[in-house]
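So this block is entry-v1.cif, mmCIF, C-alpha atoms and all ligand atoms:
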data_input
loop_
_atom_site.label_atom_id
_atom_site.label_comp_id
_atom_site.auth_asym_id
_atom_site.auth_seq_id
_atom_site.Cartn_x
_atom_site.Cartn_y
_atom_site.Cartn_z
CA MET N 1332 0.00 0.00 0.00
CA LYS N 1333 1.75 3.07 -1.23
CA LYS N 1334 0.80 6.65 -0.69
CA ILE N 1335 0.89 8.92 -3.70
CA TYR N 1336 2.68 12.19 -3.12
CA LEU N 1337 1.21 14.81 -5.36
CA HIS N 1338 4.44 16.81 -5.50
CA LYS N 1339 6.21 13.79 -6.96
CA VAL N 1340 3.48 13.00 -9.37
CA GLU N 1341 5.38 13.48 -12.62
CA LYS N 1342 7.85 10.76 -11.68
CA GLN N 1343 4.97 8.42 -10.99
CA ILE N 1344 3.39 8.64 -14.43
CA ALA N 1345 4.38 5.20 -15.65
CA ARG N 1346 5.35 4.08 -19.11
CA HIS N 1347 4.39 0.42 -18.91
CA ASN N 1348 1.12 -1.45 -19.26
CA THR N 1349 -0.07 -0.24 -15.85
CA ILE N 1350 0.05 3.33 -17.10
CA ARG N 1351 -3.72 3.57 -17.39
CA ASP N 1352 -4.36 2.31 -13.84
CA ILE N 1353 -1.70 4.48 -12.30
CA ASN N 1354 -2.88 7.59 -14.14
CA LYS N 1355 -6.41 6.80 -13.03
CA GLN N 1356 -5.29 6.66 -9.42
CA ILE N 1357 -3.39 9.90 -9.81
CA VAL N 1358 -6.51 11.64 -11.16
CA LEU N 1359 -8.60 10.14 -8.35
CA ASN N 1360 -6.07 11.41 -5.80
CA TYR N 1361 -6.18 14.89 -7.30
CA VAL N 1362 -9.96 14.95 -7.06
CA ARG N 1363 -9.72 13.81 -3.44
CA ALA N 1364 -7.01 16.27 -2.41
CA ARG N 1365 -8.03 19.35 -4.41
CA SER N 1366 -11.75 19.06 -4.99
CA PRO N 1367 -13.70 20.82 -6.33
CA ILE N 1368 -11.34 20.71 -9.29
CA SER N 1369 -11.91 20.92 -13.07
CA ARG N 1370 -10.59 18.58 -15.77
CA ALA N 1371 -8.40 21.39 -17.10
CA GLU N 1372 -6.81 21.97 -13.69
CA ILE N 1373 -6.05 18.28 -13.29
CA ALA N 1374 -4.45 18.20 -16.73
CA ARG N 1375 -2.39 21.29 -15.93
CA GLU N 1376 -1.15 20.02 -12.58
CA THR N 1377 -0.40 16.43 -13.62
CA SER N 1378 1.01 17.22 -17.07
CA LEU N 1379 -1.35 14.53 -18.40
CA GLN N 1380 -2.99 15.17 -21.77
CA ARG N 1381 -6.35 16.92 -21.49
CA SER N 1382 -7.96 14.09 -23.52
CA THR N 1383 -6.43 11.44 -21.21
CA VAL N 1384 -7.82 13.23 -18.17
CA SER N 1385 -11.27 13.46 -19.76
CA ALA N 1386 -11.31 9.75 -20.62
CA ILE N 1387 -10.20 8.82 -17.09
CA VAL N 1388 -12.80 11.13 -15.55
CA ASP N 1389 -15.50 9.46 -17.66
CA GLU N 1390 -14.36 6.08 -16.38
CA LEU N 1391 -14.27 7.19 -12.74
CA GLN N 1392 -17.74 8.67 -13.12
CA ALA N 1393 -19.07 5.46 -14.64
CA GLU N 1394 -17.63 3.52 -11.70
CA GLY N 1395 -19.44 5.87 -9.34
CA LEU N 1396 -16.24 7.14 -7.69
CA ILE N 1397 -16.45 10.81 -8.66
CA GLU N 1398 -19.23 13.20 -9.64
CA GLU N 1399 -19.78 16.64 -11.11
CA ILE N 1400 -20.90 19.37 -8.76
CA GLY N 1401 -21.63 22.40 -10.91
CA THR N 1402 -19.39 24.95 -12.57
CA GLY N 1403 -16.44 27.07 -11.49
CA ASP N 1404 -15.29 30.54 -12.50
CA SER N 1405 -14.37 31.00 -16.10
CA THR N 1406 -11.07 32.52 -17.17
CA GLY N 1407 -12.72 33.35 -20.49
CA GLY N 1408 -14.86 30.97 -22.49
CA ARG N 1409 -17.05 28.21 -21.16
CA LYS N 1410 -17.24 27.76 -17.39
CA PRO N 1411 -15.45 24.57 -16.29
CA THR N 1412 -17.40 21.73 -14.68
CA LEU N 1413 -16.06 20.90 -11.24
CA LEU N 1414 -15.44 17.39 -9.95
CA THR N 1415 -15.54 15.92 -6.48
CA LEU N 1416 -15.50 12.47 -4.88
CA ARG N 1417 -18.90 10.87 -5.04
CA THR N 1418 -20.48 10.90 -1.59
CA GLY N 1419 -23.23 8.67 -0.29
CA LYS N 1420 -22.21 5.57 -2.26
CA PRO N 1421 -21.02 2.77 0.06
CA VAL N 1422 -17.53 1.42 -0.72
CA ALA N 1423 -16.13 0.13 2.59
CA ILE N 1424 -17.25 -1.66 5.72
CA GLY N 1425 -15.19 -0.92 8.82
CA VAL N 1426 -15.07 -3.23 11.83
CA ASP N 1427 -13.42 -1.60 14.83
CA VAL N 1428 -12.79 -3.97 17.74
CA THR N 1429 -11.80 -2.29 21.01
CA PRO N 1430 -11.70 -3.99 24.44
CA SER N 1431 -15.01 -2.34 25.37
CA PHE N 1432 -17.02 -1.92 22.14
CA THR N 1433 -17.05 -3.31 18.64
CA THR N 1434 -18.38 -1.01 15.94
CA VAL N 1435 -19.38 -1.91 12.40
CA VAL N 1436 -19.72 0.99 9.96
CA LEU N 1437 -20.47 1.57 6.31
CA ALA N 1438 -18.55 4.38 4.60
CA ASP N 1439 -18.32 6.16 1.27
CA LEU N 1440 -15.15 7.06 -0.62
CA ALA N 1441 -14.77 10.35 1.25
CA GLY N 1442 -14.84 8.50 4.59
CA SER N 1443 -18.31 9.68 5.64
CA LEU N 1444 -20.16 7.12 7.74
CA LEU N 1445 -23.46 6.04 6.16
CA GLU N 1446 -24.42 3.45 8.79
CA ARG N 1447 -23.16 2.54 12.24
CA ASP N 1448 -23.91 -0.40 14.53
CA GLU N 1449 -22.27 -1.18 17.86
CA PHE N 1450 -22.21 -3.94 20.47
CA PRO N 1451 -20.20 -4.57 23.66
CA THR N 1452 -17.04 -6.58 23.00
CA SER N 1453 -17.07 -9.98 24.70
CA SER N 1454 -14.18 -12.26 25.60
CA ASP N 1455 -16.29 -15.08 24.09
CA ILE N 1456 -14.78 -15.45 20.64
CA GLY N 1457 -17.74 -17.50 19.34
CA TYR N 1458 -20.08 -14.65 20.22
CA MET N 1459 -17.75 -12.15 18.54
CA ASP N 1460 -17.64 -14.20 15.33
CA LYS N 1461 -21.42 -14.46 15.25
CA GLN N 1462 -22.03 -10.75 15.89
CA ILE N 1463 -19.45 -9.52 13.39
CA LEU N 1464 -20.49 -11.97 10.66
CA GLU N 1465 -24.15 -11.10 11.12
CA LYS N 1466 -23.60 -7.35 10.87
CA VAL N 1467 -21.15 -7.49 7.96
CA LYS N 1468 -23.41 -9.90 6.07
CA LYS N 1469 -26.42 -7.64 6.59
CA LEU N 1470 -24.64 -4.68 4.97
CA ILE N 1471 -23.34 -6.77 2.07
CA ASP N 1472 -26.84 -8.16 1.43
CA GLN N 1473 -28.26 -4.66 1.62
CA TYR N 1474 -25.90 -3.40 -1.12
CA PRO N 1475 -25.35 -6.36 -3.44
CA ASP N 1476 -23.95 -4.23 -6.28
CA ALA N 1477 -21.54 -2.20 -4.17
CA ASP N 1478 -18.62 -4.69 -4.18
CA LEU N 1479 -17.89 -3.80 -0.55
CA GLU N 1480 -14.55 -4.61 1.08
CA VAL N 1481 -14.02 -4.97 4.83
CA GLY N 1482 -11.34 -3.22 6.88
CA MET N 1483 -10.84 -4.38 10.45
CA SER N 1484 -8.93 -2.67 13.27
CA ILE N 1485 -8.02 -4.86 16.25
CA PRO N 1486 -6.14 -4.22 19.53
CA GLY N 1487 -3.48 -6.81 18.77
CA ILE N 1488 -1.10 -8.23 16.19
CA ALA N 1489 -2.36 -8.88 12.66
CA ASP N 1490 -0.29 -10.58 9.99
CA GLN N 1491 -1.09 -8.79 6.73
CA THR N 1492 0.37 -11.56 4.59
CA SER N 1493 -1.75 -14.37 5.99
CA GLY N 1494 -4.70 -12.15 6.95
CA GLU N 1495 -4.68 -13.77 10.36
CA ILE N 1496 -5.05 -12.12 13.74
CA VAL N 1497 -2.04 -13.55 15.51
CA TYR N 1498 -2.72 -12.39 19.04
CA VAL N 1499 -5.03 -10.06 20.99
CA PRO N 1500 -3.42 -9.69 24.43
CA TYR N 1501 -6.40 -8.09 26.15
CA PHE N 1502 -8.53 -11.22 25.65
CA GLN N 1503 -5.62 -13.62 25.05
CA TRP N 1504 -7.07 -14.65 21.71
CA SER N 1505 -4.61 -16.47 19.45
CA ASN N 1506 -4.96 -17.16 15.71
CA TRP N 1507 -8.41 -15.57 15.42
CA ASP N 1508 -9.58 -16.39 11.88
CA ILE N 1509 -12.52 -13.98 11.59
CA GLY N 1510 -11.11 -12.59 8.31
CA ARG N 1511 -11.24 -15.98 6.60
CA LYS N 1512 -14.77 -16.55 7.90
CA ILE N 1513 -16.01 -13.20 6.55
CA THR N 1514 -14.52 -13.95 3.12
CA GLU N 1515 -15.92 -17.50 3.10
CA GLN N 1516 -19.40 -16.43 4.04
CA THR N 1517 -19.72 -13.20 2.08
CA GLY N 1518 -17.06 -13.29 -0.64
CA ALA N 1519 -15.80 -9.89 0.53
CA ASN N 1520 -12.11 -9.04 0.60
CA VAL N 1521 -10.90 -8.38 4.19
CA VAL N 1522 -7.91 -6.33 5.39
CA ILE N 1523 -7.00 -6.60 9.08
CA GLU N 1524 -4.63 -4.29 10.90
CA ASN N 1525 -3.41 -3.46 14.38
CA ASP N 1526 -5.39 -0.50 15.78
CA ALA N 1527 -2.45 1.88 16.18
CA ASN N 1528 -1.27 1.14 12.62
CA ALA N 1529 -4.82 1.66 11.32
CA VAL N 1530 -5.11 4.98 13.18
CA ALA N 1531 -1.72 6.07 11.79
CA LEU N 1532 -2.97 5.26 8.30
CA ALA N 1533 -6.21 7.16 8.98
CA GLU N 1534 -4.11 10.13 10.01
CA LEU N 1535 -2.36 10.02 6.63
CA TRP N 1536 -5.70 9.89 4.78
CA PHE N 1537 -8.05 11.97 6.92
CA GLY N 1538 -5.71 14.01 9.09
CA ASN N 1539 -5.17 17.74 8.83
CA ASP N 1540 -2.85 19.10 6.14
CA GLU N 1541 0.10 19.36 8.50
CA ILE N 1542 0.03 15.65 9.31
CA LYS N 1543 -0.86 14.54 5.78
CA ARG N 1544 2.31 16.15 4.48
CA MET N 1545 4.55 14.22 6.88
CA ARG N 1546 6.53 11.23 5.68
CA ASN N 1547 7.88 10.04 9.03
CA PHE N 1548 5.87 10.12 12.21
CA ILE N 1549 4.87 7.88 15.07
CA MET N 1550 1.28 7.56 16.19
CA VAL N 1551 0.93 6.90 19.90
CA PHE N 1552 -2.54 5.48 20.41
CA VAL N 1553 -3.58 5.73 24.05
CA ALA N 1554 -6.63 3.64 24.95
CA GLU N 1555 -7.13 0.73 27.36
CA GLY N 1556 -3.57 -0.10 26.30
CA ILE N 1557 -0.89 1.81 24.40
CA GLY N 1558 -0.03 1.02 20.80
CA THR N 1559 2.23 2.78 18.34
CA GLY N 1560 1.92 3.02 14.57
CA ILE N 1561 5.18 3.79 12.82
CA ILE N 1562 4.98 5.68 9.52
CA ILE N 1563 8.22 5.63 7.57
CA ASP N 1564 8.38 7.26 4.16
CA GLY N 1565 4.60 7.58 4.05
CA GLN N 1566 3.95 3.90 4.77
CA VAL N 1567 3.13 1.83 7.83
CA TYR N 1568 6.17 -0.08 9.09
CA ARG N 1569 4.87 -3.50 10.16
CA GLY N 1570 7.95 -5.60 10.84
CA GLU N 1571 7.96 -9.39 10.64
CA LYS N 1572 4.44 -10.83 10.79
CA GLY N 1573 3.00 -7.41 11.60
CA ALA N 1574 4.44 -7.39 15.10
CA ALA N 1575 6.31 -4.04 14.98
CA GLY N 1576 5.31 -1.06 17.07
CA GLU N 1577 4.61 -2.89 20.30
CA PHE N 1578 6.29 -0.16 22.31
CA GLY N 1579 3.45 -0.39 24.84
CA HIS N 1580 5.48 -3.23 26.33
CA MET N 1581 8.83 -1.48 26.56
CA PHE N 1582 10.30 -1.25 30.02
CA VAL N 1583 9.58 2.06 31.71
CA GLY N 1584 10.00 1.22 35.39
CA PRO N 1585 8.69 -1.01 38.18
CA ASP N 1586 5.60 -0.54 40.34
CA ALA N 1587 3.05 0.59 37.78
CA PRO N 1588 -0.49 1.13 39.13
CA VAL N 1589 -1.94 -1.73 37.02
CA ASP N 1590 -0.86 -4.90 35.28
CA CYS N 1591 -0.08 -4.57 31.60
CA SER N 1592 -2.22 -6.60 29.18
CA CYS N 1593 0.84 -8.86 28.82
CA GLY N 1594 0.79 -9.54 32.57
CA ARG N 1595 3.89 -7.55 33.56
CA ARG N 1596 3.85 -4.48 35.74
CA ASP N 1597 6.74 -2.52 34.34
CA CYS N 1598 5.59 -1.80 30.77
CA TRP N 1599 4.86 1.65 29.35
CA GLU N 1600 1.21 0.63 28.99
CA ALA N 1601 0.97 -0.22 32.71
CA HIS N 1602 2.20 3.31 33.51
CA ALA N 1603 0.54 5.53 30.93
CA SER N 1604 -2.61 3.94 29.45
CA GLU N 1605 -6.19 4.93 30.29
CA LYS N 1606 -6.27 1.92 32.59
CA ALA N 1607 -3.28 3.27 34.56
CA LEU N 1608 -4.82 6.73 34.76
CA LEU N 1609 -8.14 5.41 36.08
CA GLN N 1610 -6.43 3.24 38.70
CA ARG N 1611 -4.23 6.09 39.92
CA TYR N 1612 -7.26 8.32 40.24
CA LEU N 1613 -9.17 5.71 42.25
CA ASP N 1614 -6.08 5.06 44.43
CA SER N 1615 -5.73 8.79 45.12
CA HIS N 1616 -9.04 8.64 47.01
CA GLY N 1617 -7.57 6.16 49.51
CA ASN N 1618 -9.43 3.05 50.71
CA GLY N 1619 -8.92 1.48 47.31
CA GLY N 1620 -11.02 4.18 45.70
CA GLY N 1621 -14.29 2.53 46.54
CA GLY N 1622 -15.92 3.09 43.20
CA SER N 1623 -15.69 2.90 39.49
CA MET N 1624 -14.98 5.58 36.96
CA ASN N 1625 -14.74 5.77 33.22
CA ILE N 1626 -12.19 7.72 31.24
CA GLU N 1627 -14.61 10.24 29.73
CA HIS N 1628 -15.90 11.15 33.19
CA LEU N 1629 -12.39 11.49 34.62
CA ILE N 1630 -11.28 13.74 31.76
CA GLY N 1631 -14.45 15.80 32.20
CA LEU N 1632 -13.61 16.26 35.90
CA ALA N 1633 -10.04 17.28 35.07
CA MET N 1634 -11.16 19.81 32.45
CA ASN N 1635 -13.53 21.23 35.02
CA GLY N 1636 -10.62 21.72 37.45
CA GLU N 1637 -11.12 18.84 39.93
CA VAL N 1638 -7.67 18.86 41.55
CA ARG N 1639 -7.17 15.11 41.95
CA ALA N 1640 -8.22 14.44 38.37
CA VAL N 1641 -5.89 17.18 37.10
CA ASP N 1642 -2.96 15.84 39.16
CA GLN N 1643 -3.43 12.26 37.99
CA LEU N 1644 -3.87 13.30 34.36
CA LYS N 1645 -0.61 15.24 34.55
CA LEU N 1646 1.19 12.33 36.19
CA ASN N 1647 -0.06 10.06 33.43
CA ALA N 1648 1.15 12.57 30.85
CA LYS N 1649 4.59 12.51 32.49
CA TYR N 1650 4.80 8.74 32.00
CA LEU N 1651 3.55 9.13 28.46
CA GLY N 1652 6.38 11.60 27.89
CA ILE N 1653 8.98 9.17 29.28
CA GLY N 1654 8.02 6.57 26.68
CA ILE N 1655 7.91 9.20 23.96
CA SER N 1656 11.41 10.38 24.81
CA ASN N 1657 12.62 6.83 24.08
CA LEU N 1658 10.83 6.83 20.74
CA LEU N 1659 12.41 10.17 19.84
CA ILE N 1660 15.90 8.92 20.57
CA GLY N 1661 15.40 5.82 18.45
CA PHE N 1662 13.49 7.22 15.48
CA SER N 1663 13.98 10.99 15.33
CA PRO N 1664 10.63 11.33 13.50
CA GLN N 1665 9.15 14.58 12.14
CA ALA N 1666 6.40 14.33 14.73
CA ILE N 1667 4.81 12.24 17.42
CA VAL N 1668 1.03 12.26 17.01
CA ILE N 1669 -0.96 11.34 20.11
CA SER N 1670 -4.42 9.88 19.72
CA GLY N 1671 -7.06 8.87 22.26
CA SER N 1672 -9.54 10.40 24.70
CA ILE N 1673 -6.82 12.09 26.76
CA THR N 1674 -6.13 14.49 23.89
CA LYS N 1675 -9.41 16.22 24.74
CA ALA N 1676 -7.54 17.66 27.71
CA TRP N 1677 -4.51 18.58 25.58
CA ASP N 1678 -3.98 21.95 27.32
CA LEU N 1679 -3.60 20.13 30.65
CA ILE N 1680 -1.16 17.49 29.44
CA LYS N 1681 0.95 19.03 26.70
CA ASP N 1682 3.56 20.64 28.94
CA GLU N 1683 4.17 17.42 30.90
CA ILE N 1684 4.57 15.42 27.70
CA GLN N 1685 6.85 18.02 26.10
CA HIS N 1686 8.96 18.30 29.22
CA ALA N 1687 9.69 14.57 29.39
CA GLY N 1688 10.18 14.50 25.63
CA GLN N 1689 12.84 17.24 25.93
CA ARG N 1690 15.16 14.78 27.62
CA SER N 1691 15.92 13.18 24.30
CA ILE N 1692 16.84 16.33 22.46
CA ARG N 1693 20.43 16.54 21.42
CA GLN N 1694 21.87 19.86 20.33
CA GLU N 1695 22.30 18.98 16.69
CA VAL N 1696 18.80 17.52 16.21
CA LYS N 1697 15.77 19.68 15.49
CA MET N 1698 13.06 19.43 18.10
CA THR N 1699 10.34 16.94 17.16
CA GLU N 1700 6.79 18.21 17.29
CA ILE N 1701 4.46 16.41 19.67
CA ILE N 1702 0.90 17.04 18.55
CA PRO N 1703 -2.60 15.71 19.19
CA SER N 1704 -4.37 13.68 16.52
CA SER N 1705 -6.73 15.62 14.25
CA LEU N 1706 -9.15 12.71 13.86
CA GLY N 1707 -11.59 13.36 16.70
CA GLU N 1708 -13.35 10.67 18.73
CA ARG N 1709 -12.93 6.94 18.13
CA PRO N 1710 -10.12 7.34 15.55
CA SER N 1711 -9.92 3.54 15.18
CA ILE N 1712 -13.28 3.59 13.35
CA LEU N 1713 -11.69 5.83 10.71
CA GLY N 1714 -8.68 3.52 10.96
CA SER N 1715 -10.75 0.51 9.94
CA ILE N 1716 -12.24 2.16 6.84
CA SER N 1717 -8.98 3.81 5.82
CA LEU N 1718 -7.56 0.29 5.34
CA ILE N 1719 -9.91 -0.04 2.38
CA LEU N 1720 -9.96 3.57 1.16
CA ALA N 1721 -6.16 3.78 1.10
CA ARG N 1722 -6.12 0.80 -1.27
CA LYS N 1723 -8.57 2.51 -3.58
CA PHE N 1724 -6.46 5.64 -3.76
CA ALA N 1725 -3.02 4.06 -3.69
CA SER N 1726 -0.90 3.13 -6.67
CA ALA N 1727 -0.75 -0.45 -7.88
CA SER N 1728 2.08 -1.91 -5.87
ZN ZN N 1801 3.28 -5.32 28.58
#
Translate the structure described by the file into structure tokens.
Amino acid sequence: MKKIYLHKVEKQIARHNTIRDINKQIVLNYVRARSPISRAEIARETSLQRSTVSAIVDELQAEGLIEEIGTGDSTGGRKPTLLTLRTGKPVAIGVDVTPSFTTVVLADLAGSLLERDEFPTSSDIGYMDKQILEKVKKLIDQYPDADLEVGMSIPGIADQTSGEIVYVPYFQWSNWDIGRKITEQTGANVVIENDANAVALAELWFGNDEIKRMRNFIMVFVAEGIGTGIIIDGQVYRGEKGAAGEFGHMFVGPDAPVDCSCGRRDCWEAHASEKALLQRYLDSHGNGGGGSMNIEHLIGLAMNGEVRAVDQLKLNAKYLGIGISNLLIGFSPQAIVISGSITKAWDLIKDEIQHAGQRSIRQEVKMTEIIPSSLGERPSILGSISLILARKFASAS
């Protein structure tokens, strides 16, 4: 899966038999990135022949991927017809599995959600299979002509080559073959990816312009656990069997407030995840806390100035920064992008994170930006559909 960089586009216009497909993807990418855009503008910017662009646009329209949305300003002569991605036509099903909820969505090419269904995630894998298959099948039956593909984001290790979910630590599921089952029962193509990798990919496709322009960054996905998605040269770095980026289990120090999902108590995740934050907050009340609390509530309290919530959020941010400083030393990326509910309280946590991150700065190296994700709530939902959308926009590789 390769990202197309518009500024390098001339080099990517191929001369071989794939020329048509590649040029088609380049035109589609221009419509996505610059819409509303006219045929003439596309021809000018890509150096493709005007007639080639027109033929490709006809094809993309016939396939229902782009549409005309009226006319632009004329520079003399006929007003140009403007093109945009076609909205409202389903192209991708996203399945986002998190430790608490599993969400199944239907999306169009622009990433807008057309339908959304949700159920509580269970540790019973038979129940999970049944629920997911039922909901995916329903959507595929509903749109028999849409040729839908399924993208799935999971909180664990997914092997892209075999399409198998190798391990989900939170539930200790091994070799979960839901992808094969979906394909067998529906015929749909399935792409499965680790949640942090999927969110990193979503950031490349749906993020703000600043992030979209970056070629090297690390996504730190803070949820029940901590995952990292490593983007190198505009692509997700997966490592052998998709197991790269498990920095949540790097050693940060003993005596974390909770056990890590791997069972140890010295991992980064055990110190800086939502789970760690919640436990520290409950502990700060003494007597074992004597209650339950969810992350949204705790963040709400902190943003409203509740002292204990603010203190614990800042302490969590400090531990987040310690892990990040290790990432900076090893990767020297353009940016660290932090995703997850805690980013809602960014003003409260940014100084703590930056401060710990500073430790890794050497004189000769430019300071790495540490920024919050631009994806909003539940970024892993966008992650799941971007697995499919990125394939539709990417060059044949
Ligand atoms: Zn661990």
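Closest approach to Ile1523 in chain N among N:Ala1371, N:Ile1719, N:Leu1535, N:Leu1416: N:Ile1719, based on only C-alpha atoms.
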Contacts between ligand ZN 1801 (chain N) and chain N, please, where a residue of chain N counts if it comes within 6 Å (with only C-alpha atoms and all ligand atoms); show its shortest atom pair and distance in Å to one decimal, rows by chain and ascending number, as a Markdown table.
| residue | atom | partner | partner_atom | distance |
| --- | --- | --- | --- | --- |
| N:His1580 | CA | N:ZN1801 | ZN | 3.8 |
| N:Cys1591 | CA | N:ZN1801 | ZN | 4.6 |
| N:Ser1592 | CA | N:ZN1801 | ZN | 5.7 |
| N:Cys1593 | CA | N:ZN1801 | ZN | 4.3 |
| N:Arg1595 | CA | N:ZN1801 | ZN | 5.5 |
| N:Cys1598 | CA | N:ZN1801 | ZN | 4.7 |
| task | Could you check which of N:Ser1670, N:Asp1404, N:Ile1684, N:Gly1594 is closest to Gly1538 in chain N, using all atoms listed in the file? | result | N:Ser1670
| request: Write out as JSON, numbers by chain which residues come within 6 Å of range 1486-1496 of chain N when counting only C-alpha atoms, dropping same-chain ones fewer than 4 positions away. | output: {"N": [1506, 1507, 1508, 1524, 1525, 1526, 1572, 1573, 1574]}
| query | What's the 7 Å shell around Asn1647 in chain N, counting all atoms listed in the file, without same-chain residues fewer than 4 positions away, as a ChimeraX atom specification? | reply | /N:1603,1608,1643,1651
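For the atom pair formed by CA of Asp1476 in chain N and CA of Phe1537 in chain N, the distance is 26.3 Å, given to one decimal.
Within a radius of 8 Å around (-16.3, -4.6, 11.1), the polymer residues are Ile1424, Gly1425, Val1426, Asp1427, Val1428, Thr1433, Thr1434, Val1435, Val1436, Ile1463, Lys1466, Val1467, Val1481, Gly1482, Met1483, Ser1484 and Ser1715 of chain N, counting all atoms listed in the file.
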With C-alpha atoms retained, could you export that selection as a PDB file, in the frame of the given file?
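part_22.pdb, written as the output of this step:
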ATOM      1  CA  ILE N1424     -17.250  -1.660   5.720  1.00  0.00           C
ATOM      2  CA  GLY N1425     -15.190  -0.920   8.820  1.00  0.00           C
ATOM      3  CA  VAL N1426     -15.070  -3.230  11.830  1.00  0.00           C
ATOM      4  CA  ASP N1427     -13.420  -1.600  14.830  1.00  0.00           C
ATOM      5  CA  VAL N1428     -12.790  -3.970  17.740  1.00  0.00           C
ATOM      6  CA  THR N1433     -17.050  -3.310  18.640  1.00  0.00           C
ATOM      7  CA  THR N1434     -18.380  -1.010  15.940  1.00  0.00           C
ATOM      8  CA  VAL N1435     -19.380  -1.910  12.400  1.00  0.00           C
ATOM      9  CA  VAL N1436     -19.720   0.990   9.960  1.00  0.00           C
ATOM     10  CA  ILE N1463     -19.450  -9.520  13.390  1.00  0.00           C
ATOM     11  CA  LYS N1466     -23.600  -7.350  10.870  1.00  0.00           C
ATOM     12  CA  VAL N1467     -21.150  -7.490   7.960  1.00  0.00           C
ATOM     13  CA  VAL N1481     -14.020  -4.970   4.830  1.00  0.00           C
ATOM     14  CA  GLY N1482     -11.340  -3.220   6.880  1.00  0.00           C
ATOM     15  CA  MET N1483     -10.840  -4.380  10.450  1.00  0.00           C
ATOM     16  CA  SER N1484      -8.930  -2.670  13.270  1.00  0.00           C
ATOM     17  CA  SER N1715     -10.750   0.510   9.940  1.00  0.00           C
TER      18      SER N1715
END
Mind giving me the axis-aligned box for range 1670-1683 of chain N with 4 Å on every side, centre plus edges in Å to one decimal, as JSON?
{"center_x": -2.7, "center_y": 15.4, "center_z": 25.3, "size_x": 21.7, "size_y": 21.1, "size_z": 19.2}
Considering all atoms listed in the file, give me a table of residues in range 1374-1470 of chain N that are at most 12 Å from range 1350-1358 of chain N, with the closest atom pair and distance in Å for each, as a tab-separated table.
residue	atom	partner	partner_atom	distance
N:Ala1374	CA	N:Val1358	CA	8.8
N:Arg1375	CA	N:Val1358	CA	11.5
N:Glu1376	CA	N:Val1358	CA	10.0
N:Thr1377	CA	N:Ile1357	CA	8.1
N:Ser1378	CA	N:Asn1354	CA	10.8
N:Leu1379	CA	N:Asn1354	CA	8.3
N:Gln1380	CA	N:Asn1354	CA	10.8
N:Arg1381	CA	N:Val1358	CA	11.6
N:Thr1383	CA	N:Asn1354	CA	8.8
N:Val1384	CA	N:Val1358	CA	7.3
N:Ser1385	CA	N:Val1358	CA	10.0
N:Ala1386	CA	N:Lys1355	CA	9.5
N:Ile1387	CA	N:Lys1355	CA	5.9
N:Val1388	CA	N:Val1358	CA	7.7
N:Asp1389	CA	N:Lys1355	CA	10.5
N:Glu1390	CA	N:Lys1355	CA	8.7
N:Leu1391	CA	N:Lys1355	CA	7.9
N:Gln1392	CA	N:Lys1355	CA	11.5
N:Glu1394	CA	N:Lys1355	CA	11.8
N:Leu1396	CA	N:Gln1356	CA	11.1
N:Ile1397	CA	N:Val1358	CA	10.3
N:Leu1414	CA	N:Val1358	CA	10.7
N:Thr1415	CA	N:Val1358	CA	11.0
N:Leu1416	CA	N:Val1358	CA	11.0
| Residues at most 12 Å from Tyr1568 in chain N, counting only C-alpha atoms, excluding those fewer than 4 positions away in the same chain, as a count of residues only? | 27
| query | Nearest to Val1422 in chain N among N:Lys1649, N:Arg1569, N:Asn1360, N:Ala1721, with distances taken over all atoms listed in the file: which residue is it? | reply | N:Ala1721
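Nearest-residue note for Arg1690 in chain N: choosing from N:Val1668, N:Met1624, N:Leu1440, N:Ile1653, the minimum distance belongs to N:Ile1653, counting only C-alpha atoms.
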| task | Considering only C-alpha atoms, return as a PyMOL selection string whatever protein or nucleic-acid residues lie within 6 Å of Gly1671 in chain N, sequence-local ones (same chain, fewer than 4 positions apart) excluded. | result | chain N and resi 1552-1554
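Shortest atom-to-atom contact with Leu1359 in chain N among N:Leu1445, N:Ile1701, N:Leu1720, N:Leu1706: N:Leu1720, counting all atoms listed in the file.
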Could you give me, as a PDB file with C-alpha atoms, in the coordinates of the input, the residues within 8 Å of range 1626-1636 of chain N, counting all atoms listed in the file and dropping anything in the same chain fewer than 6 positions from it?
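Written output follows (around_5.pdb):
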ATOM      1  CA  GLU N1605      -6.190   4.930  30.290  1.00  0.00           C
ATOM      2  CA  LEU N1609      -8.140   5.410  36.080  1.00  0.00           C
ATOM      3  CA  LEU N1644      -3.870  13.300  34.360  1.00  0.00           C
ATOM      4  CA  SER N1672      -9.540  10.400  24.700  1.00  0.00           C
ATOM      5  CA  ILE N1673      -6.820  12.090  26.760  1.00  0.00           C
ATOM      6  CA  LYS N1675      -9.410  16.220  24.740  1.00  0.00           C
ATOM      7  CA  ALA N1676      -7.540  17.660  27.710  1.00  0.00           C
ATOM      8  CA  LEU N1679      -3.600  20.130  30.650  1.00  0.00           C
TER       9      LEU N1679
END
